[in-house]
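The structure file protein-v1.txt is reproduced below (compact mmCIF, N, CA and C atoms).
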# COMPACT_ATOMS: atom_id res chain seq x y z
N MET A 1 -4.21 49.21 18.90
CA MET A 1 -5.16 48.13 18.97
C MET A 1 -5.86 48.09 20.31
N ASN A 2 -7.06 47.64 20.27
CA ASN A 2 -7.88 47.56 21.47
C ASN A 2 -7.88 46.12 21.97
N PHE A 3 -7.05 45.83 22.97
CA PHE A 3 -6.97 44.48 23.52
C PHE A 3 -7.97 44.25 24.64
N GLY A 4 -8.60 45.29 25.11
CA GLY A 4 -9.60 45.15 26.18
C GLY A 4 -10.79 44.31 25.73
N TYR A 5 -11.22 44.47 24.49
CA TYR A 5 -12.34 43.72 23.96
C TYR A 5 -12.00 42.24 23.85
N VAL A 6 -10.78 41.92 23.38
CA VAL A 6 -10.34 40.53 23.22
C VAL A 6 -10.20 39.88 24.59
N THR A 7 -9.63 40.57 25.56
CA THR A 7 -9.48 40.04 26.92
C THR A 7 -10.84 39.77 27.55
N ALA A 8 -11.77 40.67 27.39
CA ALA A 8 -13.12 40.47 27.94
C ALA A 8 -13.80 39.28 27.29
N TYR A 9 -13.59 39.09 25.99
CA TYR A 9 -14.19 37.96 25.28
C TYR A 9 -13.66 36.63 25.84
N TYR A 10 -12.34 36.54 26.06
CA TYR A 10 -11.77 35.29 26.59
C TYR A 10 -12.18 35.05 28.04
N ARG A 11 -12.33 36.09 28.81
CA ARG A 11 -12.81 35.92 30.19
C ARG A 11 -14.23 35.36 30.19
N LYS A 12 -15.06 35.88 29.32
CA LYS A 12 -16.44 35.40 29.22
C LYS A 12 -16.46 33.94 28.76
N MET A 13 -15.60 33.58 27.84
CA MET A 13 -15.52 32.22 27.34
C MET A 13 -15.04 31.28 28.45
N GLU A 14 -14.05 31.68 29.25
CA GLU A 14 -13.58 30.88 30.38
C GLU A 14 -14.68 30.68 31.41
N TYR A 15 -15.47 31.72 31.63
CA TYR A 15 -16.58 31.64 32.59
C TYR A 15 -17.62 30.62 32.12
N ASN A 16 -17.96 30.63 30.83
CA ASN A 16 -18.93 29.67 30.29
C ASN A 16 -18.41 28.24 30.35
N ILE A 17 -17.14 28.03 30.06
CA ILE A 17 -16.56 26.69 30.12
C ILE A 17 -16.59 26.18 31.55
N LEU A 18 -16.21 27.03 32.49
CA LEU A 18 -16.24 26.64 33.89
C LEU A 18 -17.66 26.31 34.32
N LYS A 19 -18.61 27.07 33.86
CA LYS A 19 -20.00 26.83 34.21
C LYS A 19 -20.47 25.48 33.66
N LYS A 20 -20.09 25.13 32.42
CA LYS A 20 -20.46 23.85 31.83
C LYS A 20 -19.84 22.70 32.62
N LYS A 21 -18.59 22.85 33.01
CA LYS A 21 -17.91 21.81 33.78
C LYS A 21 -18.60 21.61 35.13
N GLU A 22 -19.04 22.70 35.75
CA GLU A 22 -19.74 22.59 37.03
C GLU A 22 -21.06 21.83 36.86
N PHE A 23 -21.80 22.12 35.80
CA PHE A 23 -23.05 21.42 35.55
C PHE A 23 -22.81 19.94 35.30
N ILE A 24 -21.79 19.61 34.56
CA ILE A 24 -21.46 18.21 34.30
C ILE A 24 -21.08 17.51 35.60
N PHE A 25 -20.31 18.16 36.44
CA PHE A 25 -19.89 17.58 37.72
C PHE A 25 -21.09 17.35 38.64
N ILE A 26 -21.94 18.34 38.77
CA ILE A 26 -23.13 18.22 39.63
C ILE A 26 -24.07 17.14 39.09
N GLY A 27 -24.24 17.12 37.76
CA GLY A 27 -25.08 16.08 37.15
C GLY A 27 -24.53 14.69 37.40
N GLY A 28 -23.23 14.53 37.31
CA GLY A 28 -22.60 13.23 37.58
C GLY A 28 -22.81 12.79 39.01
N ILE A 29 -22.70 13.71 39.95
CA ILE A 29 -22.92 13.38 41.36
C ILE A 29 -24.37 12.97 41.58
N LEU A 30 -25.32 13.67 40.97
CA LEU A 30 -26.72 13.32 41.11
C LEU A 30 -27.02 11.94 40.53
N ILE A 31 -26.46 11.64 39.37
CA ILE A 31 -26.67 10.32 38.76
C ILE A 31 -26.08 9.23 39.64
N LEU A 32 -24.91 9.46 40.18
CA LEU A 32 -24.29 8.48 41.08
C LEU A 32 -25.14 8.27 42.34
N ALA A 33 -25.65 9.35 42.91
CA ALA A 33 -26.49 9.24 44.11
C ALA A 33 -27.77 8.47 43.81
N LEU A 34 -28.41 8.74 42.67
CA LEU A 34 -29.62 8.01 42.30
C LEU A 34 -29.34 6.53 42.08
N ALA A 35 -28.21 6.22 41.46
CA ALA A 35 -27.85 4.82 41.23
C ALA A 35 -27.62 4.10 42.56
N MET A 36 -26.96 4.76 43.50
CA MET A 36 -26.73 4.14 44.81
C MET A 36 -28.04 3.96 45.57
N TRP A 37 -28.93 4.93 45.51
CA TRP A 37 -30.22 4.82 46.18
C TRP A 37 -31.04 3.68 45.58
N GLY A 38 -31.03 3.58 44.25
CA GLY A 38 -31.77 2.50 43.59
C GLY A 38 -31.20 1.14 43.95
N GLY A 39 -29.90 1.03 44.02
CA GLY A 39 -29.27 -0.24 44.40
C GLY A 39 -29.62 -0.65 45.81
N MET A 40 -29.62 0.29 46.73
CA MET A 40 -29.96 -0.02 48.12
C MET A 40 -31.43 -0.43 48.25
N SER A 41 -32.31 0.22 47.51
CA SER A 41 -33.72 -0.15 47.60
C SER A 41 -33.97 -1.53 47.00
N LEU A 42 -33.21 -1.91 45.96
CA LEU A 42 -33.34 -3.25 45.40
C LEU A 42 -32.82 -4.31 46.36
N ILE A 43 -31.74 -4.00 47.06
CA ILE A 43 -31.18 -4.95 48.02
C ILE A 43 -32.15 -5.18 49.17
N ASN A 44 -32.77 -4.13 49.67
CA ASN A 44 -33.67 -4.24 50.83
C ASN A 44 -35.09 -4.62 50.46
N LYS A 45 -35.40 -4.76 49.19
CA LYS A 45 -36.78 -4.98 48.76
C LYS A 45 -37.37 -6.29 49.28
N GLY A 46 -36.67 -7.39 49.21
CA GLY A 46 -37.23 -8.68 49.59
C GLY A 46 -37.02 -9.06 51.03
N SER A 47 -36.54 -8.17 51.86
CA SER A 47 -36.21 -8.53 53.24
C SER A 47 -37.31 -8.08 54.20
N HIS A 48 -38.45 -8.75 54.13
CA HIS A 48 -39.52 -8.45 55.08
C HIS A 48 -39.22 -9.16 56.39
N GLY A 49 -39.49 -8.50 57.47
CA GLY A 49 -39.29 -9.08 58.78
C GLY A 49 -40.56 -9.76 59.25
N SER A 50 -40.68 -9.89 60.55
CA SER A 50 -41.86 -10.50 61.14
C SER A 50 -42.17 -9.80 62.46
N ILE A 51 -43.33 -10.11 63.00
CA ILE A 51 -43.69 -9.59 64.32
C ILE A 51 -43.96 -10.78 65.24
N ARG A 52 -43.67 -10.58 66.50
CA ARG A 52 -43.96 -11.59 67.51
C ARG A 52 -44.92 -10.96 68.51
N ILE A 53 -46.03 -11.63 68.74
CA ILE A 53 -47.05 -11.13 69.66
C ILE A 53 -47.02 -11.97 70.92
N THR A 54 -46.92 -11.28 72.06
CA THR A 54 -47.00 -11.97 73.36
C THR A 54 -48.15 -11.38 74.16
N VAL A 55 -48.85 -12.26 74.88
CA VAL A 55 -49.95 -11.85 75.75
C VAL A 55 -49.63 -12.36 77.14
N ASP A 56 -49.54 -11.45 78.09
CA ASP A 56 -49.23 -11.77 79.49
C ASP A 56 -47.92 -12.57 79.60
N GLY A 57 -46.94 -12.20 78.77
CA GLY A 57 -45.63 -12.84 78.82
C GLY A 57 -45.53 -14.15 78.07
N LYS A 58 -46.64 -14.66 77.53
CA LYS A 58 -46.62 -15.93 76.79
C LYS A 58 -46.76 -15.63 75.30
N GLU A 59 -46.02 -16.37 74.48
CA GLU A 59 -46.05 -16.11 73.05
C GLU A 59 -47.40 -16.50 72.46
N TYR A 60 -48.01 -15.54 71.76
CA TYR A 60 -49.29 -15.76 71.11
C TYR A 60 -49.09 -16.22 69.66
N GLY A 61 -48.06 -15.68 68.99
CA GLY A 61 -47.79 -16.08 67.61
C GLY A 61 -46.75 -15.20 66.95
N THR A 62 -46.21 -15.69 65.85
CA THR A 62 -45.26 -14.95 65.03
C THR A 62 -45.84 -14.86 63.62
N TYR A 63 -45.85 -13.64 63.06
CA TYR A 63 -46.48 -13.41 61.77
C TYR A 63 -45.53 -12.64 60.86
N SER A 64 -45.52 -13.00 59.59
CA SER A 64 -44.67 -12.34 58.60
C SER A 64 -45.27 -11.00 58.19
N LEU A 65 -44.41 -10.03 57.95
CA LEU A 65 -44.87 -8.72 57.47
C LEU A 65 -45.08 -8.72 55.96
N GLU A 66 -44.72 -9.81 55.30
CA GLU A 66 -44.86 -9.88 53.85
C GLU A 66 -46.31 -10.07 53.43
N LYS A 67 -47.09 -10.81 54.22
CA LYS A 67 -48.48 -11.12 53.86
C LYS A 67 -49.42 -10.16 54.60
N ASP A 68 -50.30 -9.50 53.84
CA ASP A 68 -51.31 -8.62 54.45
C ASP A 68 -52.36 -9.46 55.15
N GLN A 69 -52.60 -9.17 56.44
CA GLN A 69 -53.58 -9.94 57.22
C GLN A 69 -54.01 -9.15 58.44
N THR A 70 -55.08 -9.62 59.06
CA THR A 70 -55.58 -9.05 60.30
C THR A 70 -55.52 -10.14 61.37
N VAL A 71 -54.92 -9.81 62.52
CA VAL A 71 -54.75 -10.78 63.59
C VAL A 71 -55.60 -10.34 64.78
N LYS A 72 -56.55 -11.19 65.20
CA LYS A 72 -57.36 -10.93 66.39
C LYS A 72 -56.64 -11.54 67.58
N ILE A 73 -56.45 -10.75 68.61
CA ILE A 73 -55.69 -11.17 69.78
C ILE A 73 -56.63 -11.25 70.97
N ASN A 74 -57.06 -12.46 71.34
CA ASN A 74 -57.86 -12.73 72.55
C ASN A 74 -59.09 -11.85 72.71
N ASP A 75 -59.82 -11.53 71.71
CA ASP A 75 -61.04 -10.72 71.80
C ASP A 75 -60.80 -9.33 72.40
N THR A 76 -59.53 -8.93 72.58
CA THR A 76 -59.25 -7.61 73.16
C THR A 76 -58.60 -6.66 72.17
N ASN A 77 -57.74 -7.16 71.32
CA ASN A 77 -56.99 -6.31 70.40
C ASN A 77 -57.05 -6.89 68.99
N VAL A 78 -56.87 -6.00 68.01
CA VAL A 78 -56.78 -6.41 66.62
C VAL A 78 -55.56 -5.72 66.01
N CYS A 79 -54.68 -6.52 65.43
CA CYS A 79 -53.47 -6.02 64.79
C CYS A 79 -53.62 -6.20 63.28
N GLU A 80 -53.28 -5.16 62.53
CA GLU A 80 -53.36 -5.23 61.07
C GLU A 80 -51.95 -5.18 60.49
N ILE A 81 -51.68 -6.14 59.61
CA ILE A 81 -50.42 -6.16 58.88
C ILE A 81 -50.75 -5.80 57.44
N LYS A 82 -50.19 -4.68 56.98
CA LYS A 82 -50.50 -4.19 55.65
C LYS A 82 -49.29 -3.43 55.11
N ASP A 83 -48.92 -3.72 53.87
CA ASP A 83 -47.82 -3.04 53.18
C ASP A 83 -46.50 -3.11 53.96
N GLY A 84 -46.23 -4.24 54.60
CA GLY A 84 -44.98 -4.42 55.32
C GLY A 84 -44.92 -3.72 56.66
N GLN A 85 -46.06 -3.26 57.16
CA GLN A 85 -46.12 -2.59 58.46
C GLN A 85 -47.23 -3.21 59.30
N ALA A 86 -47.03 -3.21 60.61
CA ALA A 86 -48.02 -3.73 61.54
C ALA A 86 -48.44 -2.60 62.48
N ARG A 87 -49.73 -2.48 62.70
CA ARG A 87 -50.25 -1.48 63.63
C ARG A 87 -51.46 -2.04 64.35
N MET A 88 -51.75 -1.49 65.50
CA MET A 88 -52.92 -1.88 66.28
C MET A 88 -54.09 -1.04 65.78
N ILE A 89 -55.15 -1.70 65.31
CA ILE A 89 -56.29 -0.96 64.77
C ILE A 89 -57.50 -0.97 65.70
N SER A 90 -57.50 -1.86 66.69
CA SER A 90 -58.62 -1.91 67.63
C SER A 90 -58.12 -2.43 68.96
N ALA A 91 -58.66 -1.89 70.04
CA ALA A 91 -58.27 -2.34 71.37
C ALA A 91 -59.41 -2.09 72.36
N GLN A 92 -59.57 -3.00 73.31
CA GLN A 92 -60.60 -2.87 74.34
C GLN A 92 -60.00 -2.32 75.63
N CYS A 93 -59.20 -1.30 75.51
CA CYS A 93 -58.60 -0.65 76.69
C CYS A 93 -59.13 0.77 76.77
N PRO A 94 -59.12 1.38 77.96
CA PRO A 94 -59.73 2.70 78.11
C PRO A 94 -58.98 3.85 77.43
N ASP A 95 -57.65 3.78 77.32
CA ASP A 95 -56.90 4.93 76.81
C ASP A 95 -56.54 4.83 75.32
N HIS A 96 -56.53 3.65 74.73
CA HIS A 96 -56.22 3.42 73.31
C HIS A 96 -54.84 3.98 72.91
N LEU A 97 -53.90 3.98 73.84
CA LEU A 97 -52.55 4.46 73.51
C LEU A 97 -51.84 3.52 72.54
N CYS A 98 -52.18 2.25 72.59
CA CYS A 98 -51.53 1.29 71.67
C CYS A 98 -51.92 1.57 70.22
N MET A 99 -53.08 2.12 70.00
CA MET A 99 -53.53 2.43 68.65
C MET A 99 -52.84 3.69 68.12
N LYS A 100 -52.33 4.52 69.00
CA LYS A 100 -51.66 5.76 68.61
C LYS A 100 -50.15 5.59 68.42
N GLN A 101 -49.63 4.41 68.72
CA GLN A 101 -48.19 4.18 68.59
C GLN A 101 -47.81 3.99 67.13
N LYS A 102 -46.56 4.26 66.85
CA LYS A 102 -46.02 4.18 65.48
C LYS A 102 -46.08 2.74 64.97
N ALA A 103 -46.33 2.59 63.68
CA ALA A 103 -46.38 1.27 63.06
C ALA A 103 -45.01 0.62 63.07
N ILE A 104 -45.00 -0.72 63.11
CA ILE A 104 -43.76 -1.50 63.11
C ILE A 104 -43.48 -1.94 61.68
N ASP A 105 -42.21 -1.89 61.28
CA ASP A 105 -41.83 -2.38 59.96
C ASP A 105 -40.63 -3.31 60.09
N GLU A 106 -39.93 -3.59 58.98
CA GLU A 106 -38.81 -4.53 59.01
C GLU A 106 -37.63 -4.03 59.82
N LYS A 107 -37.62 -2.76 60.19
CA LYS A 107 -36.53 -2.22 61.00
C LYS A 107 -36.72 -2.51 62.49
N GLY A 108 -37.91 -2.96 62.87
CA GLY A 108 -38.17 -3.30 64.26
C GLY A 108 -39.12 -2.30 64.89
N GLY A 109 -39.29 -2.41 66.18
CA GLY A 109 -40.17 -1.54 66.93
C GLY A 109 -41.02 -2.35 67.89
N THR A 110 -41.80 -1.64 68.71
CA THR A 110 -42.65 -2.29 69.70
C THR A 110 -43.95 -1.53 69.85
N ILE A 111 -45.05 -2.27 69.98
CA ILE A 111 -46.35 -1.70 70.32
C ILE A 111 -46.79 -2.42 71.60
N VAL A 112 -47.18 -1.66 72.63
CA VAL A 112 -47.55 -2.23 73.91
C VAL A 112 -48.94 -1.76 74.30
N CYS A 113 -49.78 -2.70 74.71
CA CYS A 113 -51.09 -2.39 75.29
C CYS A 113 -51.04 -2.88 76.74
N LEU A 114 -50.77 -1.98 77.67
CA LEU A 114 -50.57 -2.37 79.07
C LEU A 114 -51.82 -2.95 79.73
N PRO A 115 -53.01 -2.35 79.58
CA PRO A 115 -54.17 -2.94 80.26
C PRO A 115 -54.47 -4.38 79.84
N ASN A 116 -54.23 -4.70 78.56
CA ASN A 116 -54.51 -6.05 78.06
C ASN A 116 -53.27 -6.94 78.05
N LYS A 117 -52.12 -6.40 78.46
CA LYS A 117 -50.85 -7.12 78.55
C LYS A 117 -50.44 -7.71 77.20
N VAL A 118 -50.65 -6.94 76.13
CA VAL A 118 -50.29 -7.36 74.78
C VAL A 118 -49.05 -6.59 74.34
N VAL A 119 -48.06 -7.32 73.82
CA VAL A 119 -46.84 -6.72 73.32
C VAL A 119 -46.61 -7.24 71.90
N ILE A 120 -46.41 -6.33 70.96
CA ILE A 120 -46.08 -6.69 69.59
C ILE A 120 -44.68 -6.17 69.32
N GLU A 121 -43.76 -7.08 68.98
CA GLU A 121 -42.37 -6.71 68.74
C GLU A 121 -42.01 -7.01 67.29
N GLY A 122 -41.34 -6.07 66.65
CA GLY A 122 -40.86 -6.27 65.29
C GLY A 122 -39.52 -6.97 65.31
N GLU A 123 -39.36 -7.92 64.39
CA GLU A 123 -38.11 -8.66 64.28
C GLU A 123 -37.61 -8.55 62.85
N LYS A 124 -36.31 -8.39 62.70
CA LYS A 124 -35.72 -8.32 61.36
C LYS A 124 -35.76 -9.70 60.73
N SER A 125 -35.72 -9.72 59.39
CA SER A 125 -35.73 -11.00 58.70
C SER A 125 -34.43 -11.74 58.96
N THR A 126 -34.46 -13.05 58.83
CA THR A 126 -33.29 -13.87 59.15
C THR A 126 -32.14 -13.64 58.18
N ASP A 127 -32.44 -13.29 56.92
CA ASP A 127 -31.35 -13.07 55.97
C ASP A 127 -30.66 -11.74 56.15
N SER A 128 -31.26 -10.80 56.89
CA SER A 128 -30.60 -9.53 57.12
C SER A 128 -29.82 -9.52 58.44
N LYS A 129 -30.00 -10.55 59.28
CA LYS A 129 -29.24 -10.63 60.52
C LYS A 129 -27.85 -11.17 60.24
N LYS A 130 -26.88 -10.65 60.94
CA LYS A 130 -25.52 -11.14 60.82
C LYS A 130 -25.14 -11.76 62.15
N THR A 131 -24.78 -13.03 62.12
CA THR A 131 -24.50 -13.74 63.37
C THR A 131 -23.09 -13.49 63.88
N ASP A 132 -22.16 -13.06 63.01
CA ASP A 132 -20.79 -12.89 63.44
C ASP A 132 -20.52 -11.52 64.07
N GLU A 133 -21.47 -10.61 64.00
CA GLU A 133 -21.27 -9.29 64.59
C GLU A 133 -21.89 -9.24 65.98
N PRO A 134 -21.17 -8.66 66.95
CA PRO A 134 -21.75 -8.56 68.29
C PRO A 134 -22.86 -7.51 68.32
N VAL A 135 -23.85 -7.74 69.14
CA VAL A 135 -24.95 -6.80 69.31
C VAL A 135 -24.65 -5.92 70.51
N ILE A 136 -24.62 -4.63 70.31
CA ILE A 136 -24.34 -3.70 71.39
C ILE A 136 -25.63 -3.39 72.12
N ASP A 137 -25.67 -3.70 73.39
CA ASP A 137 -26.88 -3.51 74.18
C ASP A 137 -26.96 -2.10 74.74
N ALA A 138 -25.83 -1.58 75.21
CA ALA A 138 -25.82 -0.23 75.79
C ALA A 138 -24.40 0.31 75.71
N VAL A 139 -24.31 1.63 75.75
CA VAL A 139 -23.02 2.30 75.74
C VAL A 139 -22.90 3.06 77.05
N THR A 140 -21.77 2.88 77.71
CA THR A 140 -21.58 3.58 79.00
C THR A 140 -20.45 4.56 78.89
Would you put the structure from the file into structure tokens?
Amino acid sequence: MNFGYVTAYYRKMEYNILKKKEFIFIGGILILALAMWGGMSLINKGSHGSIRITVDGKEYGTYSLEKDQTVKINDTNVCEIKDGQARMISAQCPDHLCMKQKAIDEKGGTIVCLPNKVVIEGEKSTDSKKTDEPVIDAVT
């Protein structure tokens, strides 16, 4: 009898079963990852922060990132809040570095216009802040 053919057949069958199990495992991990990503995006969806604008060290105003609007700052700068982000769209300074800075969102950030002494700071929403946890300022 030729047992080589039967042995080869079972090896091939074991290989296919292992391959199916691997696909099921990888598919399960992908589904779990997508479910976790979707859950996190739903949790963070309603937590828009705000920005605080100061001019020459004095508070000019605080604005929510939830509402799309344009804020004129002392005839020198214009800040645009759109789609949960704030950016400087116009400035009466010679270098326009403030317009080239990264937009601020609910995670925070800062835009500074030094010649006009304008500072825009991003602040997290009050429901995402935790008061019982200490804030680490620096690590030494």
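The space separating CA of Asn116 (chain A) from atom C of Lys72 (chain A) comes to 12.0 Å.
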Task: Residue list (strand (DSSP E), DSSP) for region 34-96 of chain A, as a ChimeraX atom specification - done: /A:50-55,58-64,69-73,77-82,85-91
Could the residues in this selection be saved with N, CA and C atoms as a JSON list (two decimals), in the coordinates of the input?
[["chain", "number", "residue", "atom", "x", "y", "z"],
["A", 50, "SER", "N", -40.68, -9.89, 60.55],
["A", 50, "SER", "CA", -41.86, -10.50, 61.14],
["A", 50, "SER", "C", -42.17, -9.80, 62.46],
["A", 51, "ILE", "N", -43.33, -10.11, 63.00],
["A", 51, "ILE", "CA", -43.69, -9.59, 64.32],
["A", 51, "ILE", "C", -43.96, -10.78, 65.24],
["A", 52, "ARG", "N", -43.67, -10.58, 66.50],
["A", 52, "ARG", "CA", -43.96, -11.59, 67.51],
["A", 52, "ARG", "C", -44.92, -10.96, 68.51],
["A", 53, "ILE", "N", -46.03, -11.63, 68.74],
["A", 53, "ILE", "CA", -47.05, -11.13, 69.66],
["A", 53, "ILE", "C", -47.02, -11.97, 70.92],
["A", 54, "THR", "N", -46.92, -11.28, 72.06],
["A", 54, "THR", "CA", -47.00, -11.97, 73.36],
["A", 54, "THR", "C", -48.15, -11.38, 74.16],
["A", 55, "VAL", "N", -48.85, -12.26, 74.88],
["A", 55, "VAL", "CA", -49.95, -11.85, 75.75],
["A", 55, "VAL", "C", -49.63, -12.36, 77.14],
["A", 58, "LYS", "N", -46.64, -14.66, 77.53],
["A", 58, "LYS", "CA", -46.62, -15.93, 76.79],
["A", 58, "LYS", "C", -46.76, -15.63, 75.30],
["A", 59, "GLU", "N", -46.02, -16.37, 74.48],
["A", 59, "GLU", "CA", -46.05, -16.11, 73.05],
["A", 59, "GLU", "C", -47.40, -16.50, 72.46],
["A", 60, "TYR", "N", -48.01, -15.54, 71.76],
["A", 60, "TYR", "CA", -49.29, -15.76, 71.11],
["A", 60, "TYR", "C", -49.09, -16.22, 69.66],
["A", 61, "GLY", "N", -48.06, -15.68, 68.99],
["A", 61, "GLY", "CA", -47.79, -16.08, 67.61],
["A", 61, "GLY", "C", -46.75, -15.20, 66.95],
["A", 62, "THR", "N", -46.21, -15.69, 65.85],
["A", 62, "THR", "CA", -45.26, -14.95, 65.03],
["A", 62, "THR", "C", -45.84, -14.86, 63.62],
["A", 63, "TYR", "N", -45.85, -13.64, 63.06],
["A", 63, "TYR", "CA", -46.48, -13.41, 61.77],
["A", 63, "TYR", "C", -45.53, -12.64, 60.86],
["A", 64, "SER", "N", -45.52, -13.00, 59.59],
["A", 64, "SER", "CA", -44.67, -12.34, 58.60],
["A", 64, "SER", "C", -45.27, -11.00, 58.19],
["A", 69, "GLN", "N", -52.60, -9.17, 56.44],
["A", 69, "GLN", "CA", -53.58, -9.94, 57.22],
["A", 69, "GLN", "C", -54.01, -9.15, 58.44],
["A", 70, "THR", "N", -55.08, -9.62, 59.06],
["A", 70, "THR", "CA", -55.58, -9.05, 60.30],
["A", 70, "THR", "C", -55.52, -10.14, 61.37],
["A", 71, "VAL", "N", -54.92, -9.81, 62.52],
["A", 71, "VAL", "CA", -54.75, -10.78, 63.59],
["A", 71, "VAL", "C", -55.60, -10.34, 64.78],
["A", 72, "LYS", "N", -56.55, -11.19, 65.20],
["A", 72, "LYS", "CA", -57.36, -10.93, 66.39],
["A", 72, "LYS", "C", -56.64, -11.54, 67.58],
["A", 73, "ILE", "N", -56.45, -10.75, 68.61],
["A", 73, "ILE", "CA", -55.69, -11.17, 69.78],
["A", 73, "ILE", "C", -56.63, -11.25, 70.97],
["A", 77, "ASN", "N", -57.74, -7.16, 71.32],
["A", 77, "ASN", "CA", -56.99, -6.31, 70.40],
["A", 77, "ASN", "C", -57.05, -6.89, 68.99],
["A", 78, "VAL", "N", -56.87, -6.00, 68.01],
["A", 78, "VAL", "CA", -56.78, -6.41, 66.62],
["A", 78, "VAL", "C", -55.56, -5.72, 66.01],
["A", 79, "CYS", "N", -54.68, -6.52, 65.43],
["A", 79, "CYS", "CA", -53.47, -6.02, 64.79],
["A", 79, "CYS", "C", -53.62, -6.20, 63.28],
["A", 80, "GLU", "N", -53.28, -5.16, 62.53],
["A", 80, "GLU", "CA", -53.36, -5.23, 61.07],
["A", 80, "GLU", "C", -51.95, -5.18, 60.49],
["A", 81, "ILE", "N", -51.68, -6.14, 59.61],
["A", 81, "ILE", "CA", -50.42, -6.16, 58.88],
["A", 81, "ILE", "C", -50.75, -5.80, 57.44],
["A", 82, "LYS", "N", -50.19, -4.68, 56.98],
["A", 82, "LYS", "CA", -50.50, -4.19, 55.65],
["A", 82, "LYS", "C", -49.29, -3.43, 55.11],
["A", 85, "GLN", "N", -46.06, -3.26, 57.16],
["A", 85, "GLN", "CA", -46.12, -2.59, 58.46],
["A", 85, "GLN", "C", -47.23, -3.21, 59.30],
["A", 86, "ALA", "N", -47.03, -3.21, 60.61],
["A", 86, "ALA", "CA", -48.02, -3.73, 61.54],
["A", 86, "ALA", "C", -48.44, -2.60, 62.48],
["A", 87, "ARG", "N", -49.73, -2.48, 62.70],
["A", 87, "ARG", "CA", -50.25, -1.48, 63.63],
["A", 87, "ARG", "C", -51.46, -2.04, 64.35],
["A", 88, "MET", "N", -51.75, -1.49, 65.50],
["A", 88, "MET", "CA", -52.92, -1.88, 66.28],
["A", 88, "MET", "C", -54.09, -1.04, 65.78],
["A", 89, "ILE", "N", -55.15, -1.70, 65.31],
["A", 89, "ILE", "CA", -56.29, -0.96, 64.77],
["A", 89, "ILE", "C", -57.50, -0.97, 65.70],
["A", 90, "SER", "N", -57.50, -1.86, 66.69],
["A", 90, "SER", "CA", -58.62, -1.91, 67.63],
["A", 90, "SER", "C", -58.12, -2.43, 68.96],
["A", 91, "ALA", "N", -58.66, -1.89, 70.04],
["A", 91, "ALA", "CA", -58.27, -2.34, 71.37],
["A", 91, "ALA", "C", -59.41, -2.09, 72.36]]
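Reported to one decimal place, the separation of atom N of Glu106 (chain A) from atom C of Gly57 (chain A) is 22.5 Å.
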TODO: Report the distance between atom C of Lys20 (chain A) and CA of Ala33 (chain A) in Å, rounded to one decimal place.
DONE: 18.9 Å
Task: Shell around region 65-67 of chain A at 8 Å using all atoms listed in the file, local window under 3 positions removed, as a ChimeraX atom specification - done: /A:47-51,62,70,81-86,105-106
Open item on the list: Please extract the residues of region 5-129 of chain A with a backbone DSSP assignment of helix (DSSP H, G or I) and present them as an MDAnalysis selection string.
Closed with: chainID A and resid 5:44 97:100
TODO: Write out as a VMD selection string which residues come within 6 Å of region 53-56 of chain A when counting all atoms listed in the file, dropping same-chain ones fewer than 5 positions away.
DONE: chain A and resid 61 to 62 116 to 121
Task: Distance query Cys98 (chain A) at most 8 Å, all atoms listed in the file, self and fewer than 4 positions along chain excluded, as an MDAnalysis selection string - done: chainID A and resid 87:91 102 111:114
- [ ] Check the smallest atom-to-atom distance from each of A:Val78, A:Leu34, A:Ile73, A:Ile29 to Met99 (chain A) using only C-alpha atoms, then report the winner.
- [x] A:Val78
